[in-house]
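Trainee: data-v4.txt is the file, holding compact mmCIF, C-alpha atoms:
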```
# COMPACT_ATOMS: atom_id res chain seq x y z
CA MET Y 11 30.32 14.04 8.92
CA SER Y 12 27.63 11.43 9.45
CA ILE Y 13 25.18 11.91 12.29
CA MET Y 14 25.58 8.24 13.16
CA GLU Y 15 29.31 8.78 13.73
CA TYR Y 16 29.02 11.98 15.79
CA ASN Y 17 29.25 10.30 19.20
CA GLY Y 18 31.14 7.14 18.20
CA GLY Y 19 30.54 3.79 19.87
CA ALA Y 20 30.17 0.09 19.16
CA VAL Y 21 27.85 -2.72 20.19
CA VAL Y 22 28.22 -6.42 19.43
CA ALA Y 23 26.09 -9.44 20.34
CA MET Y 24 26.65 -13.18 19.96
CA LYS Y 25 24.68 -16.39 20.33
CA GLY Y 26 26.13 -19.25 22.33
CA LYS Y 27 24.80 -22.64 23.36
CA ASP Y 28 22.00 -21.85 25.84
CA CYS Y 29 23.34 -18.34 26.38
CA VAL Y 30 23.70 -14.98 24.66
CA ALA Y 31 26.09 -12.10 25.19
CA ILE Y 32 25.99 -8.41 24.35
CA ALA Y 33 28.85 -5.96 24.77
CA CYS Y 34 29.47 -2.28 24.17
CA ASP Y 35 32.38 0.14 24.42
CA ARG Y 36 32.48 2.96 26.99
CA ARG Y 37 33.38 6.00 24.93
CA PHE Y 38 31.08 8.98 24.61
CA GLY Y 39 32.53 11.73 22.43
CA THR Y 40 31.62 14.79 20.40
CA GLN Y 41 33.46 14.11 17.18
CA GLN Y 42 37.15 13.97 18.10
CA THR Y 43 36.74 15.06 21.74
CA THR Y 44 36.15 12.34 24.33
CA VAL Y 45 33.62 13.53 26.89
CA ALA Y 46 33.04 10.39 29.01
CA MET Y 47 34.68 6.97 29.45
CA ASP Y 48 31.99 5.36 31.55
CA ASN Y 49 29.17 5.47 29.05
CA THR Y 50 26.84 2.58 28.42
CA ARG Y 51 24.68 1.82 25.42
CA ILE Y 52 22.95 -1.29 26.75
CA PHE Y 53 19.54 -1.25 28.46
CA LYS Y 54 17.90 -4.02 30.45
CA ILE Y 55 14.32 -4.72 29.43
CA HIS Y 56 13.86 -7.74 31.66
CA ASN Y 57 16.00 -10.55 33.09
CA LYS Y 58 16.20 -12.35 29.78
CA LEU Y 59 16.02 -9.44 27.35
CA TYR Y 60 18.55 -6.69 26.71
CA ILE Y 61 18.90 -4.08 23.97
CA GLY Y 62 22.06 -2.27 22.87
CA LEU Y 63 21.95 0.73 20.56
CA GLY Y 64 24.63 2.22 18.32
CA GLY Y 65 24.36 5.70 16.88
CA LEU Y 66 23.59 9.19 18.18
CA MET Y 67 23.81 9.11 21.97
CA THR Y 68 20.80 11.29 22.69
CA ASP Y 69 18.58 9.01 20.62
CA VAL Y 70 20.22 5.93 22.19
CA GLN Y 71 19.14 7.18 25.61
CA THR Y 72 15.68 8.28 24.46
CA VAL Y 73 14.87 5.08 22.59
CA GLY Y 74 16.27 2.92 25.40
CA GLN Y 75 14.09 4.70 27.96
CA ILE Y 76 10.99 4.65 25.73
CA LEU Y 77 11.35 0.90 25.28
CA GLN Y 78 11.76 0.31 29.02
CA PHE Y 79 8.60 2.41 29.52
CA ARG Y 80 6.68 0.42 26.92
CA HIS Y 81 7.76 -2.88 28.44
CA ASN Y 82 6.79 -1.82 31.96
CA LEU Y 83 3.27 -1.02 30.78
CA TYR Y 84 3.13 -4.29 28.82
CA ARG Y 85 4.09 -6.22 31.94
CA LEU Y 86 1.36 -4.51 33.98
CA ARG Y 87 -1.26 -5.29 31.34
CA GLU Y 88 -0.22 -8.80 30.45
CA LYS Y 89 1.32 -9.98 33.72
CA ARG Y 90 4.28 -11.48 31.88
CA ASN Y 91 7.52 -10.39 30.22
CA MET Y 92 7.72 -9.68 26.51
CA SER Y 93 9.29 -12.35 24.33
CA PRO Y 94 12.35 -11.29 22.31
CA ALA Y 95 10.43 -11.77 19.06
CA ALA Y 96 7.55 -9.56 20.20
CA PHE Y 97 9.99 -6.96 21.50
CA THR Y 98 11.84 -6.94 18.18
CA LYS Y 99 8.55 -6.13 16.46
CA VAL Y 100 7.84 -3.36 18.96
CA VAL Y 101 11.25 -1.76 18.33
CA SER Y 102 10.86 -2.06 14.57
CA ASN Y 103 7.43 -0.44 14.65
CA LEU Y 104 8.67 2.34 16.93
CA LEU Y 105 11.48 3.18 14.52
CA TYR Y 106 9.32 2.99 11.41
CA SER Y 107 6.73 5.28 13.00
CA LYS Y 108 9.46 7.92 12.65
CA ARG Y 109 10.26 6.95 9.09
CA PHE Y 110 10.60 10.52 7.79
CA GLY Y 111 12.36 11.96 10.83
CA PRO Y 112 14.08 8.93 12.34
CA TYR Y 113 15.78 8.12 15.60
CA PHE Y 114 19.48 7.87 14.71
CA VAL Y 115 20.04 4.51 16.32
CA ASP Y 116 20.99 0.99 15.25
CA PRO Y 117 19.52 -1.44 17.78
CA ILE Y 118 20.69 -4.94 18.66
CA ILE Y 119 18.32 -7.10 20.71
CA VAL Y 120 19.45 -10.16 22.68
CA GLY Y 121 17.54 -12.50 24.89
CA LEU Y 122 16.32 -15.95 25.77
CA ASP Y 123 12.86 -16.86 24.53
CA LYS Y 124 10.22 -18.68 26.57
CA ASN Y 125 12.03 -22.00 26.08
CA ASP Y 126 15.34 -20.31 27.01
CA GLU Y 127 16.52 -20.55 23.40
CA PRO Y 128 19.10 -17.86 22.49
CA PHE Y 129 17.82 -14.98 20.37
CA VAL Y 130 19.73 -12.19 18.58
CA SER Y 131 18.25 -9.61 16.22
CA SER Y 132 19.31 -6.26 14.84
CA MET Y 133 17.86 -3.54 12.67
CA ASP Y 134 18.66 -0.28 10.94
CA LEU Y 135 17.50 3.14 12.01
CA ILE Y 136 14.11 2.78 10.32
CA GLY Y 137 13.32 -0.69 11.56
CA ALA Y 138 14.45 -3.16 8.88
CA THR Y 139 14.92 -6.28 10.99
CA GLU Y 140 17.26 -9.19 10.75
CA ILE Y 141 17.15 -12.16 13.11
CA SER Y 142 20.65 -13.66 13.27
CA ASP Y 143 21.87 -17.20 13.68
CA ASN Y 144 25.23 -16.13 15.01
CA PHE Y 145 26.08 -12.52 15.85
CA ALA Y 146 25.24 -8.88 15.19
CA CYS Y 147 27.39 -5.72 15.09
CA VAL Y 148 26.55 -2.01 14.99
CA GLY Y 149 28.32 1.30 15.52
CA THR Y 150 31.35 3.09 14.12
CA THR Y 151 33.34 -0.15 14.48
CA GLU Y 152 30.79 -2.25 12.64
CA ASP Y 153 33.04 -3.27 9.75
CA GLU Y 154 35.96 -4.27 11.96
CA LEU Y 155 33.59 -6.21 14.20
CA TYR Y 156 32.07 -8.13 11.30
CA GLY Y 157 35.52 -9.22 10.20
CA ILE Y 158 36.58 -10.47 13.62
CA CYS Y 159 33.27 -12.08 14.57
CA GLU Y 160 33.10 -13.97 11.29
CA ASN Y 161 36.43 -15.59 12.10
CA LEU Y 162 36.13 -16.14 15.84
CA TRP Y 163 32.46 -17.20 16.17
CA ASN Y 164 31.47 -20.85 16.15
CA ASP Y 165 28.27 -22.62 17.06
CA LYS Y 166 29.66 -24.71 19.92
CA MET Y 167 30.48 -22.00 22.46
CA GLU Y 168 29.32 -22.45 26.03
CA ASP Y 169 29.22 -19.48 28.36
CA LYS Y 170 32.95 -19.18 29.17
CA ASP Y 171 33.99 -19.47 25.52
CA LEU Y 172 31.27 -17.05 24.47
CA PHE Y 173 32.48 -14.51 27.00
CA GLU Y 174 36.08 -14.83 25.77
CA THR Y 175 35.12 -14.57 22.13
CA ILE Y 176 32.86 -11.56 22.43
CA SER Y 177 35.31 -9.71 24.69
CA GLN Y 178 38.30 -10.29 22.39
CA SER Y 179 36.24 -9.33 19.35
CA LEU Y 180 35.12 -6.03 20.80
CA LEU Y 181 38.48 -5.09 22.29
CA SER Y 182 40.45 -5.87 19.13
CA ALA Y 183 37.97 -4.14 16.85
CA THR Y 184 37.65 -0.97 18.91
CA ASP Y 185 41.44 -0.70 19.13
CA ARG Y 186 41.32 0.05 15.42
CA ASP Y 187 38.62 2.71 15.76
CA CYS Y 188 39.47 6.13 17.18
CA LEU Y 189 35.81 6.89 17.92
CA ALA Y 190 35.14 3.82 20.08
CA GLY Y 191 36.89 2.10 22.96
CA TRP Y 192 38.03 3.19 26.45
CA GLY Y 193 37.06 -0.22 27.86
CA SER Y 194 33.92 -2.29 27.52
CA VAL Y 195 30.97 -3.79 29.40
CA VAL Y 196 29.94 -7.37 28.65
CA TYR Y 197 26.54 -8.86 29.62
CA LEU Y 198 26.47 -12.67 29.59
CA ILE Y 199 22.83 -13.83 29.75
CA LYS Y 200 22.10 -17.37 30.88
CA LYS Y 201 18.95 -19.19 31.97
CA ASN Y 202 19.38 -18.44 35.66
CA SER Y 203 21.76 -15.51 35.80
CA VAL Y 204 23.26 -12.50 34.09
CA GLU Y 205 27.00 -11.78 34.48
CA ILE Y 206 28.09 -8.21 33.94
CA SER Y 207 31.82 -7.67 33.43
CA GLU Y 208 33.75 -4.45 32.93
CA LEU Y 209 36.86 -4.86 30.84
CA LYS Y 210 39.90 -2.58 30.83
CA ALA Y 211 41.40 -1.67 27.47
CA ARG Y 212 43.78 0.80 25.89
CA GLN Y 213 42.75 4.16 27.29
CA ASP Y 214 43.01 5.99 24.04
CA MET O 2 -35.53 5.47 41.11
CA SER O 3 -35.84 8.76 39.35
CA ASP O 4 -38.45 9.47 36.73
CA TYR O 5 -36.07 11.83 35.04
CA ASN O 6 -33.79 10.69 32.33
CA PHE O 7 -31.30 13.46 31.80
CA GLY O 8 -29.33 11.43 29.43
CA LEU O 9 -26.64 8.86 29.67
CA THR O 10 -23.93 10.72 31.45
CA THR O 11 -25.93 11.82 34.47
CA PHE O 12 -26.22 9.81 37.66
CA ASP O 13 -29.66 9.87 39.24
CA GLN O 14 -30.22 10.47 42.92
CA SER O 15 -29.95 6.83 43.87
CA GLY O 16 -26.55 6.58 42.23
CA LYS O 17 -27.73 4.73 39.14
CA LEU O 18 -27.07 5.38 35.50
CA THR O 19 -30.54 4.70 34.12
CA GLN O 20 -29.39 4.30 30.54
CA LEU O 21 -27.04 1.53 31.53
CA ASP O 22 -29.79 -0.38 33.30
CA ASN O 23 -31.91 0.09 30.19
CA SER O 24 -29.16 -1.19 27.96
CA LEU O 25 -28.93 -4.33 30.11
CA LYS O 26 -32.67 -4.71 29.59
CA ALA O 27 -32.12 -4.55 25.84
CA VAL O 28 -29.69 -7.43 26.24
CA SER O 29 -32.25 -9.40 28.22
CA ASN O 30 -34.73 -8.95 25.40
CA GLY O 31 -32.39 -10.59 22.94
CA ASP O 32 -32.22 -14.23 21.86
CA THR O 33 -30.55 -16.48 24.40
CA SER O 34 -26.86 -17.24 24.07
CA LEU O 35 -24.63 -19.31 26.31
CA GLY O 36 -21.10 -20.49 26.74
CA ILE O 37 -19.41 -23.34 28.61
CA ARG O 38 -15.73 -23.80 29.34
CA ALA O 39 -14.50 -27.39 29.37
CA LYS O 40 -11.09 -28.77 30.28
CA ASN O 41 -10.01 -28.94 26.65
CA GLY O 42 -12.10 -26.29 24.93
CA VAL O 43 -14.92 -23.77 25.05
CA VAL O 44 -18.31 -23.94 23.34
CA VAL O 45 -20.59 -20.96 22.64
CA ALA O 46 -24.11 -21.34 21.33
CA THR O 47 -26.96 -19.06 20.35
CA GLU O 48 -30.54 -19.17 19.17
CA LYS O 49 -31.04 -18.09 15.61
CA LYS O 50 -34.76 -17.29 15.46
CA PRO O 51 -35.74 -15.37 12.34
CA HIS O 52 -38.58 -12.88 12.72
CA SER O 53 -40.19 -14.18 9.52
CA PRO O 54 -40.22 -17.57 7.78
CA LEU O 55 -39.08 -15.81 4.62
CA VAL O 56 -35.65 -14.98 6.09
CA ASP O 57 -32.82 -16.99 4.55
CA VAL O 58 -31.33 -18.48 7.74
CA GLU O 59 -28.43 -20.12 5.89
CA ASP O 60 -26.98 -16.73 5.11
CA TRP O 61 -27.23 -15.46 8.65
CA ASP O 62 -24.30 -15.82 11.07
CA LYS O 63 -24.66 -15.15 14.76
CA VAL O 64 -21.37 -16.70 15.78
CA TYR O 65 -18.46 -14.41 14.91
CA PRO O 66 -14.80 -15.36 14.65
CA ILE O 67 -12.63 -12.50 15.93
CA ALA O 68 -9.14 -13.92 15.49
CA GLU O 69 -7.72 -17.31 14.72
CA SER O 70 -8.23 -18.54 18.28
CA ILE O 71 -11.02 -16.25 19.46
CA GLY O 72 -14.71 -15.96 18.61
CA CYS O 73 -17.96 -14.79 20.18
CA VAL O 74 -21.74 -14.90 20.34
CA TYR O 75 -24.05 -12.10 21.45
CA SER O 76 -27.47 -11.28 22.88
CA GLY O 77 -29.19 -8.01 22.15
CA ILE O 78 -29.11 -5.65 19.18
CA GLY O 79 -27.42 -7.38 16.24
CA ALA O 80 -26.19 -4.21 14.60
CA ASP O 81 -24.38 -3.17 17.79
CA ALA O 82 -22.81 -6.62 18.03
CA ARG O 83 -21.50 -6.37 14.50
CA LEU O 84 -19.83 -3.06 15.29
CA LEU O 85 -18.15 -4.41 18.42
CA VAL O 86 -16.97 -7.50 16.60
CA ARG O 87 -15.53 -5.30 13.87
CA ARG O 88 -13.63 -3.28 16.47
CA ALA O 89 -12.44 -6.47 18.18
CA ARG O 90 -11.14 -7.89 14.91
CA LYS O 91 -9.20 -4.73 14.21
CA GLN O 92 -7.76 -4.60 17.73
CA ALA O 93 -6.64 -8.21 17.41
CA GLU O 94 -4.85 -7.42 14.15
CA ILE O 95 -3.24 -4.28 15.56
CA TYR O 96 -1.96 -6.33 18.49
CA LYS O 97 -0.55 -8.95 16.16
CA ARG O 98 1.12 -6.29 14.07
CA GLY O 99 2.63 -4.71 17.13
CA TYR O 100 3.85 -7.78 19.02
CA ASN O 101 4.07 -10.57 16.44
CA GLU O 102 1.87 -12.62 18.75
CA SER O 103 -1.86 -13.37 18.91
CA ILE O 104 -3.87 -11.38 21.42
CA GLY O 105 -4.93 -13.21 24.57
CA THR O 106 -8.63 -13.78 25.23
CA ASN O 107 -8.64 -11.74 28.41
CA LEU O 108 -6.94 -8.81 26.72
CA CYS O 109 -9.47 -8.96 23.87
CA ALA O 110 -12.28 -8.84 26.44
CA LYS O 111 -10.52 -5.99 28.22
CA LYS O 112 -10.24 -3.94 25.03
CA LEU O 113 -13.89 -4.52 24.14
CA GLY O 114 -14.85 -3.55 27.67
CA GLY O 115 -12.87 -0.35 27.21
CA ILE O 116 -14.66 0.42 23.96
CA ALA O 117 -18.07 -0.22 25.52
CA GLN O 118 -17.20 2.00 28.49
CA ASP O 119 -16.27 4.88 26.19
CA PHE O 120 -19.88 4.94 25.04
CA THR O 121 -21.10 5.30 28.63
CA GLN O 122 -19.12 8.43 29.32
CA SER O 123 -19.30 10.46 26.11
CA GLY O 124 -21.70 13.08 24.82
CA GLY O 125 -24.21 12.40 22.11
CA VAL O 126 -23.88 8.63 22.09
CA ARG O 127 -25.83 5.75 23.58
CA PRO O 128 -24.46 2.60 25.17
CA PHE O 129 -24.27 -0.62 23.16
CA GLY O 130 -27.39 -2.78 23.46
CA VAL O 131 -25.51 -6.05 23.41
CA SER O 132 -23.51 -8.37 25.64
CA LEU O 133 -20.87 -10.64 24.17
CA LEU O 134 -19.71 -14.07 25.25
CA ILE O 135 -16.12 -14.43 24.02
CA ALA O 136 -14.49 -17.85 23.73
CA GLY O 137 -10.81 -18.16 23.05
CA TYR O 138 -7.54 -19.98 23.46
CA ASP O 139 -4.21 -18.39 24.35
CA ALA O 140 -0.89 -19.87 25.37
CA GLN O 141 -0.83 -18.17 28.77
CA ARG O 142 -4.20 -19.25 30.16
CA GLY O 143 -5.50 -21.94 27.81
CA CYS O 144 -9.20 -21.99 26.93
CA GLN O 145 -11.36 -19.30 28.48
CA LEU O 146 -14.83 -17.76 28.32
CA TYR O 147 -15.41 -14.04 28.94
CA GLN O 148 -18.51 -11.85 29.03
CA VAL O 149 -18.50 -8.17 28.05
CA ASP O 150 -21.46 -5.97 29.07
CA PRO O 151 -22.73 -2.65 27.71
CA THR O 152 -21.45 -1.09 30.92
CA GLY O 153 -17.92 -1.99 29.92
CA ALA O 154 -17.57 -4.59 32.66
CA TRP O 155 -15.96 -7.86 31.67
CA TRP O 156 -15.23 -11.03 33.53
CA CYS O 157 -14.38 -14.69 33.15
CA TRP O 158 -17.02 -17.43 33.34
CA LYS O 159 -16.88 -21.19 33.72
CA ALA O 160 -20.35 -21.28 32.15
CA SER O 161 -23.02 -18.66 31.60
CA ALA O 162 -26.03 -17.54 29.61
CA ILE O 163 -27.29 -14.14 28.44
CA GLY O 164 -30.49 -12.96 26.81
CA LYS O 165 -34.18 -13.83 27.23
CA ASN O 166 -33.77 -17.09 29.07
CA GLN O 167 -30.64 -16.29 31.03
CA THR O 168 -31.99 -16.98 34.55
CA ASN O 169 -33.35 -20.43 33.79
CA ALA O 170 -30.40 -21.28 31.60
CA LYS O 171 -27.90 -20.30 34.31
CA THR O 172 -29.75 -22.40 36.89
CA PHE O 173 -29.67 -25.34 34.48
CA LEU O 174 -25.96 -24.80 33.84
CA GLU O 175 -25.18 -24.60 37.57
CA LYS O 176 -26.66 -28.05 38.00
CA ARG O 177 -24.94 -29.56 35.01
CA TYR O 178 -21.51 -27.93 35.13
CA ASN O 179 -18.47 -29.64 36.63
CA ASP O 180 -14.78 -28.82 36.41
CA GLU O 181 -13.91 -32.15 34.79
CA MET O 182 -16.09 -31.67 31.72
CA GLU O 183 -14.62 -32.49 28.34
CA LEU O 184 -15.54 -30.43 25.28
CA GLU O 185 -17.93 -33.05 23.86
CA ASP O 186 -19.84 -33.12 27.18
CA ALA O 187 -19.94 -29.33 27.18
CA ILE O 188 -21.43 -29.27 23.69
CA HIS O 189 -24.15 -31.69 24.78
CA VAL O 190 -24.94 -29.62 27.84
CA ALA O 191 -25.01 -26.47 25.71
CA LEU O 192 -27.57 -28.04 23.37
CA LEU O 193 -29.67 -29.30 26.27
CA THR O 194 -29.60 -25.87 27.86
CA LEU O 195 -30.75 -24.22 24.64
CA LYS O 196 -33.52 -26.79 24.32
CA GLU O 197 -34.77 -26.00 27.83
CA GLY O 198 -35.90 -22.51 27.03
CA PHE O 199 -36.53 -22.92 23.33
CA ASP O 200 -39.89 -22.01 21.84
CA GLY O 201 -40.51 -25.01 19.57
CA ASP O 202 -38.02 -27.61 18.37
CA VAL O 203 -34.29 -27.08 18.19
CA THR O 204 -32.96 -27.87 14.71
CA SER O 205 -29.56 -27.37 13.10
CA LYS O 206 -30.98 -24.36 11.29
CA ASN O 207 -32.35 -22.35 14.19
CA ILE O 208 -29.29 -22.48 16.45
CA GLN O 209 -25.59 -21.89 15.86
CA LEU O 210 -22.52 -23.18 17.69
CA GLY O 211 -18.92 -22.05 17.90
CA VAL O 212 -16.12 -24.08 19.39
CA VAL O 213 -12.49 -23.43 20.33
CA ARG O 214 -10.45 -26.54 20.93
CA GLU O 215 -7.24 -26.82 22.94
CA SER O 216 -6.00 -29.43 20.46
CA THR O 217 -6.25 -27.21 17.38
CA LYS O 218 -5.98 -23.85 19.15
CA LYS O 219 -8.51 -22.55 16.63
CA PHE O 220 -11.98 -21.07 16.90
CA GLN O 221 -14.41 -22.71 14.53
CA VAL O 222 -18.06 -22.03 13.66
CA LEU O 223 -19.78 -25.40 13.40
CA THR O 224 -21.59 -26.12 10.15
CA SER O 225 -25.27 -27.08 10.32
CA GLU O 226 -24.27 -30.66 9.43
CA GLU O 227 -21.95 -30.84 12.43
CA VAL O 228 -24.67 -29.35 14.63
CA GLN O 229 -27.10 -31.95 13.30
CA ASP O 230 -24.66 -34.72 14.24
CA TYR O 231 -24.54 -33.44 17.83
CA LEU O 232 -28.34 -33.11 17.95
CA ASP O 233 -28.67 -36.69 16.70
CA GLN O 234 -26.34 -37.86 19.48
CA LEU O 235 -28.65 -36.25 22.02
CA SER O 236 -31.66 -38.35 21.01
```
Let me see whether you can do it: turn the structure in this file into structure tokens.
Mentor:
Amino acid sequence: MSIMEYNGGAVVAMKGKDCVAIACDRRFGTQQTTVAMDNTRIFKIHNKLYIGLGGLMTDVQTVGQILQFRHNLYRLREKRNMSPAAFTKVVSNLLYSKRFGPYFVDPIIVGLDKNDEPFVSSMDLIGATEISDNFACVGTTEDELYGICENLWNDKMEDKDLFETISQSLLSATDRDCLAGWGSVVYLIKKNSVEISELKARQD
Amino acid sequence: MSDYNFGLTTFDQSGKLTQLDNSLKAVSNGDTSLGIRAKNGVVVATEKKPHSPLVDVEDWDKVYPIAESIGCVYSGIGADARLLVRRARKQAEIYKRGYNESIGTNLCAKKLGGIAQDFTQSGGVRPFGVSLLIAGYDAQRGCQLYQVDPTGAWWCWKASAIGKNQTNAKTFLEKRYNDEMELEDAIHVALLTLKEGFDGDVTSKNIQLGVVRESTKKFQVLTSEEVQDYLDQLS
């Protein structure tokens, strides 16, 4: 039994043209038992920056809240929002500071930088960062997601296509994973708006 | 004003912290420094008067780079300045490590102000005997000039002077400053201002200049050759 698989769950993020999307499943379980079907693993940092976390649910909530806290103080000090690149560094440092007693989370960070360029990055539980050109996947359904995203993703997707692609990817992948699913939430982040959609899926 | 001096952390009856007033006096005893913010850059300048003709002035820096786009000059006790600059440099690096971005000038001034204030409210320490003029460029606010005092107060200047000749220098700057100044004009005015209160002749060896340009986004200590060029342009 791996601690990262104890609660189940999946998060995926994709870059589009002038937009980014991040989606997660809604299952919260203790091993085989499903405890909640309205769970969320995605936290808003500011209008153009979101973070989704796979892994142990208690650490997902703690790390998500700590990062919101840190950003709120940053905004008071600096009178501006954090850029996705700076935020990625903050998350990485936070995780590495617990190198020998880590938070059991796998974060994915999405946002639009100061020129509204799409940004996606992900890291492991101790902060090893990767900034992606295309997509990122974490959670118990990681492997399935990688397979689907690799085939469905292309670099010409505008917002509607991006939404379709990320939704289908997550739904199909989580159908194959007994520890993730029960629907999904998709955040589509554009220059002037964020669209939040709740998708229905197989309720098993 | 009380004759008693119960130490730094005690207010006197008129509500003053005597040690802080004294530390400001130490700053006023120091060599004059000044800074001017132009539309496209900031210049900081300082006197570099050795206390003996045997001192090797070439080896002596009074303009300190803090980060790639930030630097400062000081008036007051040199050793205290060096310590503050050291702290500032470290804070700038910590910020960069934490956010993958360079620290803004105002935040640098804020942190230094915080450090200076710590020494006005702790036991067994004395306040710093130095004020800093910090020049820097950041993407949010462009080129700026900040002053940090031993009291921990910090604020933004368009142009200012500190040290021995600060009153006359500030009056001179008030007359000469305008919002449309370019960096080259500001450098000339800085040199003229230094000349005003200088004891003897200004040469490229007994003053030092630092410049941050909007075009390069970098803080640069001018070499004595570059300073000589500017002095030649004056005459």
Trainee: What are the residues of chain Y lining chain O at 10 Å or less? Count only C-alpha atoms, and put the answer as a list in words.
Mentor: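 Here is what falls inside 10 Å: Arg87, Glu88, Lys89, Arg90, Met92, Ser93, Pro94, Ala95, Ala96, Phe97, Thr98, Lys99, Val100, Val101, Ser102, Asn103 and Leu104 of chain Y.
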Trainee: So how far away is CA of Lys91 in chain O from CA of Pro117 in chain Y, in Å?
Mentor: 29.1 Å
Trainee: Which residue, Y:Met67, Y:Lys166, Y:Cys159, Y:Lys124, has the smallest gap to Ala140 in chain O when you use only C-alpha atoms?
Mentor: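 Closest residue, counting only C-alpha atoms: Y:Lys124.
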Trainee: Counting all atoms listed in the file, note down every residue that has an atom within 7 Å of the point (-26.1, -20.4, 29.9) (file coordinates), as a short mmCIF file (atom, residue, chain, number, x, y, z; two decimals) with C-alpha atoms, in the coordinates of the input.
Mentor:
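As written to disk, selection_9.cif reads:
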```cif
data_model
loop_
_atom_site.label_atom_id
_atom_site.label_comp_id
_atom_site.auth_asym_id
_atom_site.auth_seq_id
_atom_site.Cartn_x
_atom_site.Cartn_y
_atom_site.Cartn_z
CA SER O 34 -26.86 -17.24 24.07
CA LEU O 35 -24.63 -19.31 26.31
CA GLY O 36 -21.10 -20.49 26.74
CA ALA O 160 -20.35 -21.28 32.15
CA SER O 161 -23.02 -18.66 31.60
CA ALA O 162 -26.03 -17.54 29.61
CA ILE O 163 -27.29 -14.14 28.44
CA GLN O 167 -30.64 -16.29 31.03
CA ALA O 170 -30.40 -21.28 31.60
CA LYS O 171 -27.90 -20.30 34.31
CA LEU O 174 -25.96 -24.80 33.84
CA THR O 194 -29.60 -25.87 27.86
#
```
Trainee: So that I can check the surroundings of Gly77 in chain O, please list as a list in words every protein, DNA and RNA residue that reaches within 10 Å of it, counting only C-alpha atoms and ignoring chain neighbours fewer than 5 positions away.
Mentor: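 Here the answer would be Ser24, Leu25, Lys26, Ala27, Val28, Ser29, Asn30, Gly31, Asp32, Thr33, Ser34, Ala82, Phe129, Gly130, Val131, Ser132, Leu133, Ile163, Gly164 and Lys165 of chain O.
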Trainee: Please list as an mmCIF file with C-alpha atoms, keeping the file's coordinate frame every residue within 9 Å of range 213-218 of chain O, counting all atoms listed in the file and excluding residues in the same chain fewer than 2 positions away.
Mentor:
```
data_model
loop_
_atom_site.group_PDB
_atom_site.id
_atom_site.type_symbol
_atom_site.label_atom_id
_atom_site.label_comp_id
_atom_site.auth_asym_id
_atom_site.auth_seq_id
_atom_site.Cartn_x
_atom_site.Cartn_y
_atom_site.Cartn_z
ATOM 1 C CA LYS O 40 -11.090 -28.770 30.280
ATOM 2 C CA ASN O 41 -10.010 -28.940 26.650
ATOM 3 C CA GLY O 42 -12.100 -26.290 24.930
ATOM 4 C CA VAL O 43 -14.920 -23.770 25.050
ATOM 5 C CA VAL O 44 -18.310 -23.940 23.340
ATOM 6 C CA VAL O 45 -20.590 -20.960 22.640
ATOM 7 C CA GLU O 69 -7.720 -17.310 14.720
ATOM 8 C CA SER O 70 -8.230 -18.540 18.280
ATOM 9 C CA ILE O 71 -11.020 -16.250 19.460
ATOM 10 C CA GLY O 72 -14.710 -15.960 18.610
ATOM 11 C CA ALA O 136 -14.490 -17.850 23.730
ATOM 12 C CA GLY O 137 -10.810 -18.160 23.050
ATOM 13 C CA TYR O 138 -7.540 -19.980 23.460
ATOM 14 C CA ASP O 139 -4.210 -18.390 24.350
ATOM 15 C CA ALA O 140 -0.890 -19.870 25.370
ATOM 16 C CA GLY O 143 -5.500 -21.940 27.810
ATOM 17 C CA CYS O 144 -9.200 -21.990 26.930
ATOM 18 C CA LEU O 184 -15.540 -30.430 25.280
ATOM 19 C CA GLY O 211 -18.920 -22.050 17.900
ATOM 20 C CA PHE O 220 -11.980 -21.070 16.900
ATOM 21 C CA GLN O 221 -14.410 -22.710 14.530
ATOM 22 C CA VAL O 222 -18.060 -22.030 13.660
#
```
Trainee: Got a sec: who's within 6 Å of range 45-62 of chain Y, counting all atoms listed in the file, leaving out chain neighbours fewer than 4 positions off, as a list in words?
Mentor: Arg36, Arg37, Phe38, Gly39, Gln78, Pro117, Ile118, Ile119, Val120, Gly121, Leu122 and Trp192 of chain Y
Trainee: Excluding Glu15 in chain Y and its own-chain neighbours fewer than 4 positions away, which residues fall within 12 Å of it when counting all atoms listed in the file? Please give them as a list in words.
Mentor: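 Contacts, in chain order: Met11, Gly19, Ala20, Phe38, Gly39, Thr40, Gln41, Gln42, Gly64, Gly65, Leu66, Met67, Phe114, Val115, Asp116, Val148, Gly149, Thr150, Thr151, Glu152, Asp187, Cys188, Leu189 and Ala190 of chain Y.
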Trainee: Any idea what the distance is between CA of Ala191 in chain O and CA of Ala39 in chain O?
Mentor: 11.2 Å
Trainee: What's the 10 Å shell around Glu140 in chain Y, counting all atoms listed in the file, without same-chain residues fewer than 2 positions away, as a PyMOL selection string?
Mentor: chain Y and resi 98+118+130-134+137-138+142-143+146
Trainee: Using Å and a single decimal, report how far CA of Pro112 in chain Y sits from CA of Thr68 in chain Y.
Mentor: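 Computing it gives 12.6 Å between the two atoms.
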Trainee: For each of Y:Ala183, Y:Ala31, Y:Glu160, Y:Gln71, take the minimum atom-to-atom distance to Glu205 in chain Y, counting only C-alpha atoms, then give the residue where this is smallest.
Mentor: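 Of all the options, Y:Ala31 lies closest to Glu205 in chain Y.
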Trainee: Is there a way to get, as a list of chain:residue names, all residues within 6 Å of the point (31.2, -5.9, 17.2) in file coordinates, counting all atoms listed in the file?
Mentor: Y:Val21, Y:Val22, Y:Cys147, Y:Glu152, Y:Leu155, Y:Leu180
Trainee: Using all atoms listed in the file, which of O:Pro66, O:Glu175, O:Thr10, O:Lys219 sits nearest Gln118 in chain O?
Mentor: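 Going through O:Pro66, O:Glu175, O:Thr10, O:Lys219 one by one, the smallest distance to Gln118 in chain O is for O:Thr10.
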